[in-house]
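**Q** Quick one: structure below, then a few questions.
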Protein chains: 2
Amino acid sequence: MLTTEQEVNMKKLASMIRGIKVAMLTTQGRDGVLHSRPMATQDVELDRILWFFTAAHSDKADEIRQHPRVNVSYVSAQDHFYVSLAGRAEIVRDREKMAELWSPAHRAWFPKGLDDPDLALLRVEVESAEHWDMLSSAMVRLVEL
Amino acid sequence: MLTTEQEVNMKKLASMIRGIKVAMLTTQGRDGVLHSRPMATQDVELDRILWFFTAAHSDKADEIRQHPRVNVSYVSAQDHFYVSLAGRAEIVRDREKMAELWSPAHRAWFPKGLDDPDLALLRVEVESAEHWDMLSSAMVRLVEL
Ligand SMILES: Cc1cc2nc3c(=O)[nH]c(=O)nc-3n(C[C@H](O)[C@H](O)[C@H](O)COP(=O)(O)O)c2cc1C
């Protein structure tokens with residue numbers, strides 16, 4: 001359960017990242033090497049859980065099984081707006097959730113759609129959030145969760 | 001020394017990221033938590049080494065001393081262009097290099113300028129690079145370094 005203040009913070013952040021269609025997901029690979037890659041974001045209520053579609057057999061899924069701690073960053077350069085979310089990720093195969101989140105835009109990455117046996121979800125539980133909003137007076141604000 | 005092919009790859013990547021003024025730098029903190037933050041990029045020839053200004057006493061500097069492996073990502077959403085660079089970082093206090101790289105734009109973060117005794121450079125040696133370029137036929141291309 002979030003406190004009221006945490007809920008307000010999270011809602012504010014959610015409204016700011018709503019328009020950002022692609023996030024960068026960073027995972028830790030072998031020897032501590034950090035990899036990032038673009039991932040399509042979901043247009044859902046942000047309640048501390050982020051969802052992404054992924055292949056169950058992929059480098060990122062392997063890296064997450066080894067090191068569940070990930071970072072998800074959102075950049076909106078024209079708004080001078082940057083967000084960093086740190087959290088714990090896991091690969092889940094929840095058919096119902098996949099059907100709920102699916103949209104035709106995901107065909108770009110998963111042409112077989114919901115029938116793809118390798119389709120899975122990446123569930124990220126956000127543990128801390130920071131954002132930089134160059135247009136506001138405060139350069140850095142930490143959203144305590 | 002880079003091979004001719006690596007040099008060509010690196011030059012191409014450099015020309016693509018030239019216009020991106022802010023990168024996201026991801027470091028590994030305590031307990032494997034991954035943090036990212038926006039960092040102003042330098043407008044210099046990219047020759048496998050990236051430079052950023054930083055405070056020598058800062059969370060990121062501490063994290064880098066513990067875990068030198070970092071990721072630097074460049075996002076240009078309107079061009080559908082994404083780059084991930086993995087490398088090794090170190091904090092250096094090279095006065096000559098600082099004078100060479102300094103520009104008035106850095107005053108936003110370091111108002112005392114080159115006289116700031118805590119001013120330092122973050123030097124990242126790029127070990128591998130990947131980019132996603134939706135406009136070219138290949139979605140993902142790995143630049144082997
Ligand atoms: C704009 C954009 C959006 C992407 N969205 C996703 C996505 O939602 N899910 C996914 O698995 N890959 C997505 N990709 C591809 C990933 O960036 C990556 O190349 C792929 O998932 C393999 O990554 P891995 O080898 O680290 O597992 C996207 C790529 C781009 C350029």
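Here, A, B, ... name the chains of the structure tokens in the order displayed, residue numbers run from 1 inside each chain, and ligands are numbered from 1 in the same displayed order.
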Please provide as a PyMOL selection string all residues within 12 Å of Ser58 in chain A, with the sequence filter that same-chain residues fewer than 4 positions apart are discarded (counting only C-alpha atoms).

**A** chain A and resi 53-54+62-65+91+118-120+122

**Q** Go ahead and dump the residues you just picked, all heavy atoms, as an mmCIF file, in the first residue's frame.

**A**
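Just written: selection_9.cif:
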data_model
loop_
_atom_site.group_PDB
_atom_site.id
_atom_site.type_symbol
_atom_site.label_atom_id
_atom_site.label_comp_id
_atom_site.auth_asym_id
_atom_site.auth_seq_id
_atom_site.Cartn_x
_atom_site.Cartn_y
_atom_site.Cartn_z
ATOM 1 N N PHE A 53 6.108 -5.947 -23.032
ATOM 2 C CA PHE A 53 6.115 -7.247 -23.705
ATOM 3 C C PHE A 53 7.556 -7.619 -24.022
ATOM 4 O O PHE A 53 8.373 -6.760 -24.383
ATOM 5 C CB PHE A 53 5.287 -7.188 -25.006
ATOM 6 C CG PHE A 53 3.813 -7.306 -24.748
ATOM 7 C CD1 PHE A 53 3.007 -6.174 -24.689
ATOM 8 C CD2 PHE A 53 3.234 -8.547 -24.545
ATOM 9 C CE1 PHE A 53 1.642 -6.279 -24.428
ATOM 10 C CE2 PHE A 53 1.865 -8.665 -24.286
ATOM 11 C CZ PHE A 53 1.071 -7.526 -24.225
ATOM 12 N N THR A 54 7.850 -8.891 -23.893
ATOM 13 C CA THR A 54 9.209 -9.377 -24.191
ATOM 14 C C THR A 54 9.123 -10.808 -24.709
ATOM 15 O O THR A 54 8.092 -11.463 -24.553
ATOM 16 C CB THR A 54 10.104 -9.336 -22.922
ATOM 17 O OG1 THR A 54 11.412 -9.796 -23.263
ATOM 18 C CG2 THR A 54 9.560 -10.220 -21.808
ATOM 19 N N ASP A 62 17.187 -13.494 -19.836
ATOM 20 C CA ASP A 62 18.245 -14.228 -19.117
ATOM 21 C C ASP A 62 18.925 -13.326 -18.090
ATOM 22 O O ASP A 62 19.197 -13.750 -16.959
ATOM 23 C CB ASP A 62 19.314 -14.728 -20.102
ATOM 24 C CG ASP A 62 18.773 -15.843 -20.992
ATOM 25 O OD1 ASP A 62 17.715 -16.410 -20.651
ATOM 26 O OD2 ASP A 62 19.398 -16.122 -22.033
ATOM 27 N N GLU A 63 19.217 -12.090 -18.514
ATOM 28 C CA GLU A 63 19.909 -11.176 -17.600
ATOM 29 C C GLU A 63 19.053 -10.891 -16.376
ATOM 30 O O GLU A 63 19.555 -10.805 -15.255
ATOM 31 C CB GLU A 63 20.277 -9.881 -18.332
ATOM 32 C CG GLU A 63 21.352 -10.122 -19.388
ATOM 33 C CD GLU A 63 21.827 -8.879 -20.124
ATOM 34 O OE1 GLU A 63 21.257 -7.788 -19.925
ATOM 35 O OE2 GLU A 63 22.777 -9.009 -20.922
ATOM 36 N N ILE A 64 17.745 -10.743 -16.599
ATOM 37 C CA ILE A 64 16.833 -10.431 -15.487
ATOM 38 C C ILE A 64 16.706 -11.615 -14.526
ATOM 39 O O ILE A 64 16.616 -11.432 -13.311
ATOM 40 C CB ILE A 64 15.469 -9.980 -16.052
ATOM 41 C CG1 ILE A 64 15.616 -8.550 -16.584
ATOM 42 C CG2 ILE A 64 14.358 -10.086 -15.016
ATOM 43 C CD1 ILE A 64 14.511 -8.109 -17.493
ATOM 44 N N ARG A 65 16.730 -12.823 -15.073
ATOM 45 C CA ARG A 65 16.662 -13.993 -14.178
ATOM 46 C C ARG A 65 17.892 -14.031 -13.264
ATOM 47 O O ARG A 65 17.797 -14.400 -12.101
ATOM 48 C CB ARG A 65 16.532 -15.282 -15.002
ATOM 49 C CG ARG A 65 15.111 -15.456 -15.563
ATOM 50 C CD ARG A 65 14.923 -16.759 -16.335
ATOM 51 N NE ARG A 65 13.766 -16.656 -17.220
ATOM 52 C CZ ARG A 65 13.826 -16.515 -18.550
ATOM 53 N NH1 ARG A 65 14.991 -16.500 -19.178
ATOM 54 N NH2 ARG A 65 12.717 -16.404 -19.257
ATOM 55 N N ILE A 91 10.027 -12.060 -15.296
ATOM 56 C CA ILE A 91 9.352 -12.469 -16.529
ATOM 57 C C ILE A 91 8.124 -13.257 -16.110
ATOM 58 O O ILE A 91 8.257 -14.232 -15.360
ATOM 59 C CB ILE A 91 10.282 -13.366 -17.386
ATOM 60 C CG1 ILE A 91 11.637 -12.677 -17.633
ATOM 61 C CG2 ILE A 91 9.611 -13.767 -18.695
ATOM 62 C CD1 ILE A 91 11.583 -11.433 -18.451
ATOM 63 N N ASP A 118 6.330 -17.770 -27.420
ATOM 64 C CA ASP A 118 7.454 -17.202 -26.671
ATOM 65 C C ASP A 118 7.117 -15.821 -26.076
ATOM 66 O O ASP A 118 7.943 -15.216 -25.388
ATOM 67 C CB ASP A 118 8.681 -17.103 -27.591
ATOM 68 C CG ASP A 118 9.979 -17.012 -26.810
ATOM 69 O OD1 ASP A 118 10.078 -17.658 -25.743
ATOM 70 O OD2 ASP A 118 10.886 -16.283 -27.257
ATOM 71 N N LEU A 119 5.907 -15.342 -26.342
ATOM 72 C CA LEU A 119 5.527 -14.020 -25.829
ATOM 73 C C LEU A 119 5.384 -14.069 -24.302
ATOM 74 O O LEU A 119 4.793 -14.998 -23.745
ATOM 75 C CB LEU A 119 4.200 -13.580 -26.453
ATOM 76 C CG LEU A 119 3.785 -12.122 -26.176
ATOM 77 C CD1 LEU A 119 4.702 -11.151 -26.900
ATOM 78 C CD2 LEU A 119 2.329 -11.891 -26.621
ATOM 79 N N ALA A 120 5.940 -13.078 -23.654
ATOM 80 C CA ALA A 120 5.849 -13.008 -22.188
ATOM 81 C C ALA A 120 5.770 -11.548 -21.776
ATOM 82 O O ALA A 120 5.880 -10.649 -22.622
ATOM 83 C CB ALA A 120 7.070 -13.675 -21.554
ATOM 84 N N LEU A 122 7.216 -8.573 -19.079
ATOM 85 C CA LEU A 122 8.234 -8.159 -18.128
ATOM 86 C C LEU A 122 7.508 -7.267 -17.134
ATOM 87 O O LEU A 122 6.915 -6.262 -17.523
ATOM 88 C CB LEU A 122 9.281 -7.367 -18.892
ATOM 89 C CG LEU A 122 10.460 -6.872 -18.107
ATOM 90 C CD1 LEU A 122 11.281 -8.065 -17.651
ATOM 91 C CD2 LEU A 122 11.316 -5.990 -19.009
#

**Q** For the interface of chain A with ligand 1 (cut-off 6 Å, counting only C-alpha atoms and all ligand atoms), please tabulate each contacting residue of chain A alongside its nearest pair of atoms and their separation in Å to one decimal, rows sorted by chain and increasing number, as CSV.

**A**
residue,atom,partner,partner_atom_place_in_ligand_line,distance
A:Val22,CA,ligand 1,1 (C),5.8
A:Arg37,CA,ligand 1,17 (O),4.3
A:Pro38,CA,ligand 1,17 (O),4.1
A:Met39,CA,ligand 1,5 (N),3.5
A:Ala40,CA,ligand 1,8 (O),3.9
A:Phe52,CA,ligand 1,8 (O),5.7
A:Phe53,CA,ligand 1,9 (N),4.8
A:Thr54,CA,ligand 1,11 (O),3.6
A:Ala55,CA,ligand 1,11 (O),5.5
A:Ser58,CA,ligand 1,27 (O),4.2
A:Asp59,CA,ligand 1,27 (O),3.8
A:Lys60,CA,ligand 1,27 (O),3.8
A:Trp109,CA,ligand 1,13 (C),5.9

**Q** Could you turn the residues from that selection into a file that holds N, CA and C atoms, as a PDB file, in the first residue's frame?

**A**
ATOM      1  N   VAL A  22       8.393   5.129 -25.683  1.00  0.00           N
ATOM      2  CA  VAL A  22       9.507   4.181 -25.630  1.00  0.00           C
ATOM      3  C   VAL A  22      10.395   4.532 -24.442  1.00  0.00           C
ATOM      4  N   ARG A  37      18.263  -1.120 -23.852  1.00  0.00           N
ATOM      5  CA  ARG A  37      17.573  -1.251 -25.129  1.00  0.00           C
ATOM      6  C   ARG A  37      16.217  -0.568 -25.034  1.00  0.00           C
ATOM      7  N   PRO A  38      15.723  -0.065 -26.197  1.00  0.00           N
ATOM      8  CA  PRO A  38      14.408   0.577 -26.205  1.00  0.00           C
ATOM      9  C   PRO A  38      13.290  -0.447 -26.027  1.00  0.00           C
ATOM     10  N   MET A  39      12.252  -0.073 -25.291  1.00  0.00           N
ATOM     11  CA  MET A  39      11.100  -0.949 -25.050  1.00  0.00           C
ATOM     12  C   MET A  39       9.830  -0.109 -25.127  1.00  0.00           C
ATOM     13  N   ALA A  40       8.836  -0.633 -25.837  1.00  0.00           N
ATOM     14  CA  ALA A  40       7.554   0.070 -25.978  1.00  0.00           C
ATOM     15  C   ALA A  40       6.836   0.101 -24.631  1.00  0.00           C
ATOM     16  N   PHE A  52       5.987  -4.562 -19.734  1.00  0.00           N
ATOM     17  CA  PHE A  52       6.506  -4.538 -21.106  1.00  0.00           C
ATOM     18  C   PHE A  52       6.279  -5.916 -21.711  1.00  0.00           C
ATOM     19  N   PHE A  53       6.108  -5.947 -23.032  1.00  0.00           N
ATOM     20  CA  PHE A  53       6.115  -7.247 -23.705  1.00  0.00           C
ATOM     21  C   PHE A  53       7.556  -7.619 -24.022  1.00  0.00           C
ATOM     22  N   THR A  54       7.850  -8.891 -23.893  1.00  0.00           N
ATOM     23  CA  THR A  54       9.209  -9.377 -24.191  1.00  0.00           C
ATOM     24  C   THR A  54       9.123 -10.808 -24.709  1.00  0.00           C
ATOM     25  N   ALA A  55      10.198 -11.260 -25.324  1.00  0.00           N
ATOM     26  CA  ALA A  55      10.307 -12.686 -25.638  1.00  0.00           C
ATOM     27  C   ALA A  55      10.827 -13.377 -24.379  1.00  0.00           C
ATOM     28  N   SER A  58      15.245 -14.533 -24.461  1.00  0.00           N
ATOM     29  CA  SER A  58      15.957 -13.373 -24.992  1.00  0.00           C
ATOM     30  C   SER A  58      17.074 -13.047 -24.010  1.00  0.00           C
ATOM     31  N   ASP A  59      18.026 -12.279 -24.498  1.00  0.00           N
ATOM     32  CA  ASP A  59      19.146 -11.909 -23.618  1.00  0.00           C
ATOM     33  C   ASP A  59      18.641 -11.178 -22.388  1.00  0.00           C
ATOM     34  N   LYS A  60      17.706 -10.249 -22.604  1.00  0.00           N
ATOM     35  CA  LYS A  60      17.257  -9.473 -21.440  1.00  0.00           C
ATOM     36  C   LYS A  60      16.560 -10.340 -20.420  1.00  0.00           C
ATOM     37  N   TRP A 109       7.114  -5.845 -32.967  1.00  0.00           N
ATOM     38  CA  TRP A 109       8.130  -6.693 -32.320  1.00  0.00           C
ATOM     39  C   TRP A 109       7.695  -8.143 -32.236  1.00  0.00           C
TER      40      TRP A 109
END

**Q** For Leu121 in chain A, list every protein, DNA or RNA residue within 12 Å, evaluated using only C-alpha atoms, and leave out those in the same chain fewer than 5 positions away; present the list as a CSV table (one decimal) with all heavy atoms, in the first residue's frame.

**A**
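Written file, around-v7.csv:
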chain,number,residue,atom,x,y,z
A,39,MET,N,12.3,-0.1,-25.3
A,39,MET,CA,11.1,-0.9,-25.1
A,39,MET,C,9.8,-0.1,-25.1
A,39,MET,O,9.8,1.0,-24.5
A,39,MET,CB,11.2,-1.6,-23.7
A,39,MET,CG,12.4,-2.5,-23.5
A,39,MET,SD,12.2,-4.1,-24.3
A,39,MET,CE,11.1,-5.0,-23.2
A,40,ALA,N,8.8,-0.6,-25.8
A,40,ALA,CA,7.6,0.1,-26.0
A,40,ALA,C,6.8,0.1,-24.6
A,40,ALA,O,6.7,-0.9,-24.0
A,40,ALA,CB,6.7,-0.6,-27.0
A,41,THR,N,6.4,1.3,-24.2
A,41,THR,CA,5.7,1.4,-23.0
A,41,THR,C,4.2,1.1,-23.1
A,41,THR,O,3.7,1.2,-24.2
A,41,THR,CB,5.9,2.8,-22.4
A,41,THR,OG1,5.4,3.8,-23.4
A,41,THR,CG2,7.4,3.1,-22.1
A,42,GLN,N,3.5,0.8,-22.0
A,42,GLN,CA,2.1,0.5,-22.0
A,42,GLN,C,1.3,1.8,-21.5
A,42,GLN,O,1.8,2.4,-20.6
A,42,GLN,CB,1.8,-0.6,-21.1
A,42,GLN,CG,2.6,-1.8,-21.3
A,42,GLN,CD,2.5,-2.4,-22.7
A,42,GLN,OE1,1.4,-2.4,-23.2
A,42,GLN,NE2,3.6,-2.8,-23.3
A,49,ILE,N,3.8,-0.5,-10.8
A,49,ILE,CA,4.1,-1.7,-11.6
A,49,ILE,C,4.2,-1.2,-13.0
A,49,ILE,O,3.2,-0.6,-13.5
A,49,ILE,CB,3.1,-2.8,-11.5
A,49,ILE,CG1,2.9,-3.2,-10.0
A,49,ILE,CG2,3.6,-4.0,-12.3
A,49,ILE,CD1,4.1,-3.8,-9.3
A,50,LEU,N,5.3,-1.5,-13.7
A,50,LEU,CA,5.4,-1.3,-15.1
A,50,LEU,C,5.4,-2.6,-15.9
A,50,LEU,O,5.9,-3.6,-15.4
A,50,LEU,CB,6.8,-0.6,-15.5
A,50,LEU,CG,7.1,0.7,-14.8
A,50,LEU,CD1,8.6,1.1,-15.1
A,50,LEU,CD2,6.2,1.8,-15.1
A,51,TRP,N,4.8,-2.6,-17.1
A,51,TRP,CA,4.7,-3.8,-17.9
A,51,TRP,C,5.3,-3.6,-19.2
A,51,TRP,O,5.1,-2.5,-19.8
A,51,TRP,CB,3.2,-4.2,-18.1
A,51,TRP,CG,2.5,-4.6,-16.8
A,51,TRP,CD1,1.7,-3.7,-16.1
A,51,TRP,CD2,2.4,-5.8,-16.2
A,51,TRP,NE1,1.2,-4.4,-15.0
A,51,TRP,CE2,1.6,-5.7,-15.1
A,51,TRP,CE3,3.0,-7.1,-16.5
A,51,TRP,CZ2,1.3,-6.8,-14.2
A,51,TRP,CZ3,2.8,-8.1,-15.6
A,51,TRP,CH2,1.9,-8.0,-14.5
A,52,PHE,N,6.0,-4.6,-19.7
A,52,PHE,CA,6.5,-4.5,-21.1
A,52,PHE,C,6.3,-5.9,-21.7
A,52,PHE,O,6.3,-6.9,-21.0
A,52,PHE,CB,8.0,-4.3,-21.1
A,52,PHE,CG,8.4,-2.9,-20.5
A,52,PHE,CD1,8.8,-2.9,-19.2
A,52,PHE,CD2,8.4,-1.8,-21.3
A,52,PHE,CE1,9.1,-1.6,-18.6
A,52,PHE,CE2,8.7,-0.6,-20.7
A,52,PHE,CZ,9.1,-0.5,-19.4
A,53,PHE,N,6.1,-5.9,-23.0
A,53,PHE,CA,6.1,-7.2,-23.7
A,53,PHE,C,7.6,-7.6,-24.0
A,53,PHE,O,8.4,-6.8,-24.4
A,53,PHE,CB,5.3,-7.2,-25.0
A,53,PHE,CG,3.8,-7.3,-24.7
A,53,PHE,CD1,3.0,-6.2,-24.7
A,53,PHE,CD2,3.2,-8.5,-24.5
A,53,PHE,CE1,1.6,-6.3,-24.4
A,53,PHE,CE2,1.9,-8.7,-24.3
A,53,PHE,CZ,1.1,-7.5,-24.2
A,54,THR,N,7.9,-8.9,-23.9
A,54,THR,CA,9.2,-9.4,-24.2
A,54,THR,C,9.1,-10.8,-24.7
A,54,THR,O,8.1,-11.5,-24.6
A,54,THR,CB,10.1,-9.3,-22.9
A,54,THR,OG1,11.4,-9.8,-23.3
A,54,THR,CG2,9.6,-10.2,-21.8
A,55,ALA,N,10.2,-11.3,-25.3
A,55,ALA,CA,10.3,-12.7,-25.6
A,55,ALA,C,10.8,-13.4,-24.4
A,55,ALA,O,11.8,-12.9,-23.7
A,55,ALA,CB,11.3,-12.9,-26.8
A,56,ALA,N,10.2,-14.5,-24.0
A,56,ALA,CA,10.7,-15.3,-22.9
A,56,ALA,C,12.1,-15.7,-23.0
A,56,ALA,O,12.9,-15.8,-22.1
A,56,ALA,CB,9.7,-16.4,-22.6
A,57,HIS,N,12.4,-16.1,-24.3
A,57,HIS,CA,13.8,-16.5,-24.6
A,57,HIS,C,14.5,-15.3,-25.2
A,57,HIS,O,14.4,-15.0,-26.4
A,57,HIS,CB,13.9,-17.7,-25.5
A,57,HIS,CG,13.4,-18.9,-24.8
A,57,HIS,ND1,12.0,-19.3,-24.9
A,57,HIS,CD2,14.0,-19.8,-23.9
A,57,HIS,CE1,11.9,-20.4,-24.1
A,57,HIS,NE2,13.0,-20.7,-23.5
A,60,LYS,N,17.7,-10.2,-22.6
A,60,LYS,CA,17.3,-9.5,-21.4
A,60,LYS,C,16.6,-10.3,-20.4
A,60,LYS,O,16.7,-10.2,-19.2
A,60,LYS,CB,16.4,-8.3,-21.9
A,60,LYS,CG,15.0,-8.6,-22.3
A,60,LYS,CD,14.2,-7.3,-22.7
A,60,LYS,CE,14.2,-7.1,-24.2
A,60,LYS,NZ,14.0,-8.3,-25.0
A,61,ALA,N,15.8,-11.3,-20.9
A,61,ALA,CA,15.1,-12.2,-20.0
A,61,ALA,C,16.1,-13.0,-19.2
A,61,ALA,O,16.0,-13.2,-17.9
A,61,ALA,CB,14.1,-13.1,-20.7
A,89,ALA,N,12.6,-6.7,-11.6
A,89,ALA,CA,11.9,-7.2,-12.8
A,89,ALA,C,11.7,-8.7,-12.7
A,89,ALA,O,12.5,-9.4,-12.0
A,89,ALA,CB,12.7,-6.8,-14.0
A,90,GLU,N,10.6,-9.2,-13.3
A,90,GLU,CA,10.5,-10.6,-13.4
A,90,GLU,C,9.8,-10.9,-14.7
A,90,GLU,O,9.0,-10.0,-15.2
A,90,GLU,CB,9.9,-11.3,-12.2
A,90,GLU,CG,8.4,-11.0,-12.1
A,90,GLU,CD,7.8,-11.6,-10.8
A,90,GLU,OE1,7.9,-12.8,-10.7
A,90,GLU,OE2,7.1,-10.9,-10.1
A,91,ILE,N,10.0,-12.1,-15.3
A,91,ILE,CA,9.4,-12.5,-16.5
A,91,ILE,C,8.1,-13.3,-16.1
A,91,ILE,O,8.3,-14.2,-15.4
A,91,ILE,CB,10.3,-13.4,-17.4
A,91,ILE,CG1,11.6,-12.7,-17.6
A,91,ILE,CG2,9.6,-13.8,-18.7
A,91,ILE,CD1,11.6,-11.4,-18.5
A,92,VAL,N,7.0,-12.8,-16.6
A,92,VAL,CA,5.7,-13.6,-16.2
A,92,VAL,C,5.0,-13.9,-17.5
A,92,VAL,O,5.0,-13.3,-18.5
A,92,VAL,CB,4.8,-12.8,-15.2
A,92,VAL,CG1,5.5,-12.6,-13.9
A,92,VAL,CG2,4.4,-11.4,-15.8
A,93,ARG,N,4.3,-15.1,-17.4
A,93,ARG,CA,3.5,-15.5,-18.6
A,93,ARG,C,2.0,-15.6,-18.2
A,93,ARG,O,1.5,-16.6,-18.0
A,93,ARG,CB,4.0,-16.9,-18.9
A,93,ARG,CG,5.4,-17.0,-19.4
A,93,ARG,CD,5.5,-18.0,-20.4
A,93,ARG,NE,6.8,-18.4,-20.8
A,93,ARG,CZ,7.0,-18.8,-22.0
A,93,ARG,NH1,6.1,-18.7,-23.0
A,93,ARG,NH2,8.2,-19.2,-22.3
A,94,ASP,N,1.5,-14.4,-18.0
A,94,ASP,CA,0.1,-14.3,-17.5
A,94,ASP,C,-0.7,-14.0,-18.8
A,94,ASP,O,-0.8,-12.8,-19.2
A,94,ASP,CB,0.1,-13.1,-16.5
A,94,ASP,CG,-1.3,-12.9,-16.0
A,94,ASP,OD1,-2.3,-13.2,-16.7
A,94,ASP,OD2,-1.4,-12.3,-14.8
A,95,ARG,N,-1.4,-15.0,-19.3
A,95,ARG,CA,-2.2,-14.9,-20.5
A,95,ARG,C,-3.2,-13.8,-20.4
A,95,ARG,O,-3.5,-13.1,-21.4
A,95,ARG,CB,-2.8,-16.2,-20.9
A,95,ARG,CG,-1.9,-17.3,-21.4
A,95,ARG,CD,-1.7,-17.2,-22.9
A,95,ARG,NE,-0.3,-17.5,-23.2
A,95,ARG,CZ,0.2,-17.0,-24.4
A,95,ARG,NH1,-0.4,-16.3,-25.2
A,95,ARG,NH2,1.5,-17.3,-24.6
A,96,GLU,N,-3.9,-13.7,-19.3
A,96,GLU,CA,-5.0,-12.8,-19.1
A,96,GLU,C,-4.4,-11.3,-19.2
A,96,GLU,O,-5.0,-10.5,-19.9
A,96,GLU,CB,-5.6,-13.0,-17.8
A,96,GLU,CG,-7.1,-12.8,-17.7
A,96,GLU,CD,-7.7,-13.3,-16.4
A,96,GLU,OE1,-7.6,-14.5,-16.2
A,96,GLU,OE2,-8.1,-12.4,-15.6
A,97,LYS,N,-3.3,-11.1,-18.5
A,97,LYS,CA,-2.7,-9.8,-18.5
A,97,LYS,C,-2.2,-9.4,-19.9
A,97,LYS,O,-2.3,-8.3,-20.3
A,97,LYS,CB,-1.5,-9.8,-17.5
A,97,LYS,CG,-1.0,-8.4,-17.2
A,97,LYS,CD,-1.9,-7.7,-16.2
A,97,LYS,CE,-1.6,-6.2,-16.1
A,97,LYS,NZ,-2.7,-5.4,-15.4
A,98,MET,N,-1.7,-10.4,-20.6
A,98,MET,CA,-1.2,-10.2,-22.0
A,98,MET,C,-2.3,-9.7,-22.8
A,98,MET,O,-2.2,-8.7,-23.6
A,98,MET,CB,-0.6,-11.4,-22.6
A,98,MET,CG,0.8,-11.7,-22.0
A,98,MET,SD,1.6,-13.0,-23.0
A,98,MET,CE,2.2,-14.1,-21.8
A,99,ALA,N,-3.5,-10.4,-22.7
A,99,ALA,CA,-4.6,-10.0,-23.5
A,99,ALA,C,-5.1,-8.6,-23.2
A,99,ALA,O,-5.5,-7.8,-24.1
A,99,ALA,CB,-5.8,-11.0,-23.3
A,100,GLU,N,-5.1,-8.3,-21.9
A,100,GLU,CA,-5.5,-7.0,-21.5
A,100,GLU,C,-4.6,-5.9,-22.0
A,100,GLU,O,-5.0,-4.8,-22.4
A,100,GLU,CB,-5.4,-6.9,-19.9
A,100,GLU,CG,-5.9,-5.6,-19.3
A,100,GLU,CD,-5.5,-5.6,-17.8
A,100,GLU,OE1,-5.5,-6.7,-17.1
A,100,GLU,OE2,-5.0,-4.5,-17.3
A,101,LEU,N,-3.3,-6.1,-22.1
A,101,LEU,CA,-2.3,-5.1,-22.5
A,101,LEU,C,-2.0,-5.0,-24.0
A,101,LEU,O,-1.5,-4.1,-24.5
A,101,LEU,CB,-1.0,-5.3,-21.7
A,101,LEU,CG,-0.9,-5.1,-20.2
A,101,LEU,CD1,0.4,-5.5,-19.7
A,101,LEU,CD2,-1.3,-3.7,-19.8
A,102,TRP,N,-2.4,-6.1,-24.7
A,102,TRP,CA,-2.0,-6.2,-26.1
A,102,TRP,C,-2.6,-5.1,-26.9
A,102,TRP,O,-3.8,-4.7,-26.7
A,102,TRP,CB,-2.4,-7.5,-26.7
A,102,TRP,CG,-2.0,-7.7,-28.1
A,102,TRP,CD1,-2.8,-7.5,-29.2
A,102,TRP,CD2,-0.7,-8.0,-28.5
A,102,TRP,NE1,-2.0,-7.6,-30.3
A,102,TRP,CE2,-0.7,-7.9,-29.9
A,102,TRP,CE3,0.5,-8.3,-27.9
A,102,TRP,CZ2,0.4,-8.2,-30.7
A,102,TRP,CZ3,1.7,-8.5,-28.6
A,102,TRP,CH2,1.6,-8.5,-30.0
A,114,LEU,N,-0.6,-12.5,-29.9
A,114,LEU,CA,-0.8,-13.2,-28.6
A,114,LEU,C,-0.6,-14.7,-28.8
A,114,LEU,O,-0.5,-15.5,-27.8
A,114,LEU,CB,-2.2,-12.9,-28.1
A,114,LEU,CG,-2.4,-11.5,-27.5
A,114,LEU,CD1,-3.9,-11.2,-27.3
A,114,LEU,CD2,-1.6,-11.4,-26.2

**Q** Tell me, as a list of chain:residue names, which residues lie within 7 Å of Phe81 in chain B, counting only C-alpha atoms; anything in the same chain fewer than 5 positions away does not count.

**A**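 Listed by chain and then number, they are B:Val75, B:Ser76, B:Trp132, B:Asp133, B:Met134.
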
**Q** Would you mind exporting N, CA and C atoms of the selected residues as an mmCIF file, in the first residue's frame?

**A**
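And here's part.cif as it stands now:
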data_model
loop_
_atom_site.group_PDB
_atom_site.id
_atom_site.type_symbol
_atom_site.label_atom_id
_atom_site.label_comp_id
_atom_site.auth_asym_id
_atom_site.auth_seq_id
_atom_site.Cartn_x
_atom_site.Cartn_y
_atom_site.Cartn_z
ATOM 1 N N VAL B 75 18.906 8.891 -26.765
ATOM 2 C CA VAL B 75 17.563 8.733 -27.318
ATOM 3 C C VAL B 75 17.221 9.948 -28.161
ATOM 4 N N SER B 76 16.797 9.689 -29.396
ATOM 5 C CA SER B 76 16.218 10.774 -30.177
ATOM 6 C C SER B 76 14.870 10.270 -30.665
ATOM 7 N N TRP B 132 19.613 1.207 -32.548
ATOM 8 C CA TRP B 132 18.332 0.855 -33.135
ATOM 9 C C TRP B 132 17.926 2.041 -33.991
ATOM 10 N N ASP B 133 17.714 1.760 -35.234
ATOM 11 C CA ASP B 133 17.472 2.836 -36.168
ATOM 12 C C ASP B 133 16.281 2.405 -37.018
ATOM 13 N N MET B 134 15.092 2.906 -36.676
ATOM 14 C CA MET B 134 13.865 2.435 -37.312
ATOM 15 C C MET B 134 13.776 2.840 -38.774
#

**Q** Within 8 Å of chain B, which residues of chain A are there when counting only C-alpha atoms? Please give them as a list in words.

**A**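 Every residue meeting the condition is included here: Val22, Met24, Thr26, Gly32, Val33, Leu34, His35, Ser36, Arg37, Pro38, Arg69, Val70, Asn71, Ser73, Val75, Ser76, Ala77, Tyr82, Val83, Ser84, Leu85, Ala86, Gly87 and Trp132 of chain A.
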
**Q** Considering only strand (DSSP E) as DSSP defines it on the backbone, what residues of range 31-86 of chain B qualify? List them as a PyMOL selection string.

**A** chain B and resi 34-40+49-55+69-76+81-86

**Q** Find the distance between CA of Asp43 in chain A and CA of Asp79 in chain B and write it in Å to one decimal.

**A**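 For CA of Asp43 in chain A relative to CA of Asp79 in chain B, the distance reads 21.1 Å.
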
**Q** How far is it from CA of Pro111 in chain A to CA of Gly29 in chain A, in Å with one decimal?

**A** 27.0 Å
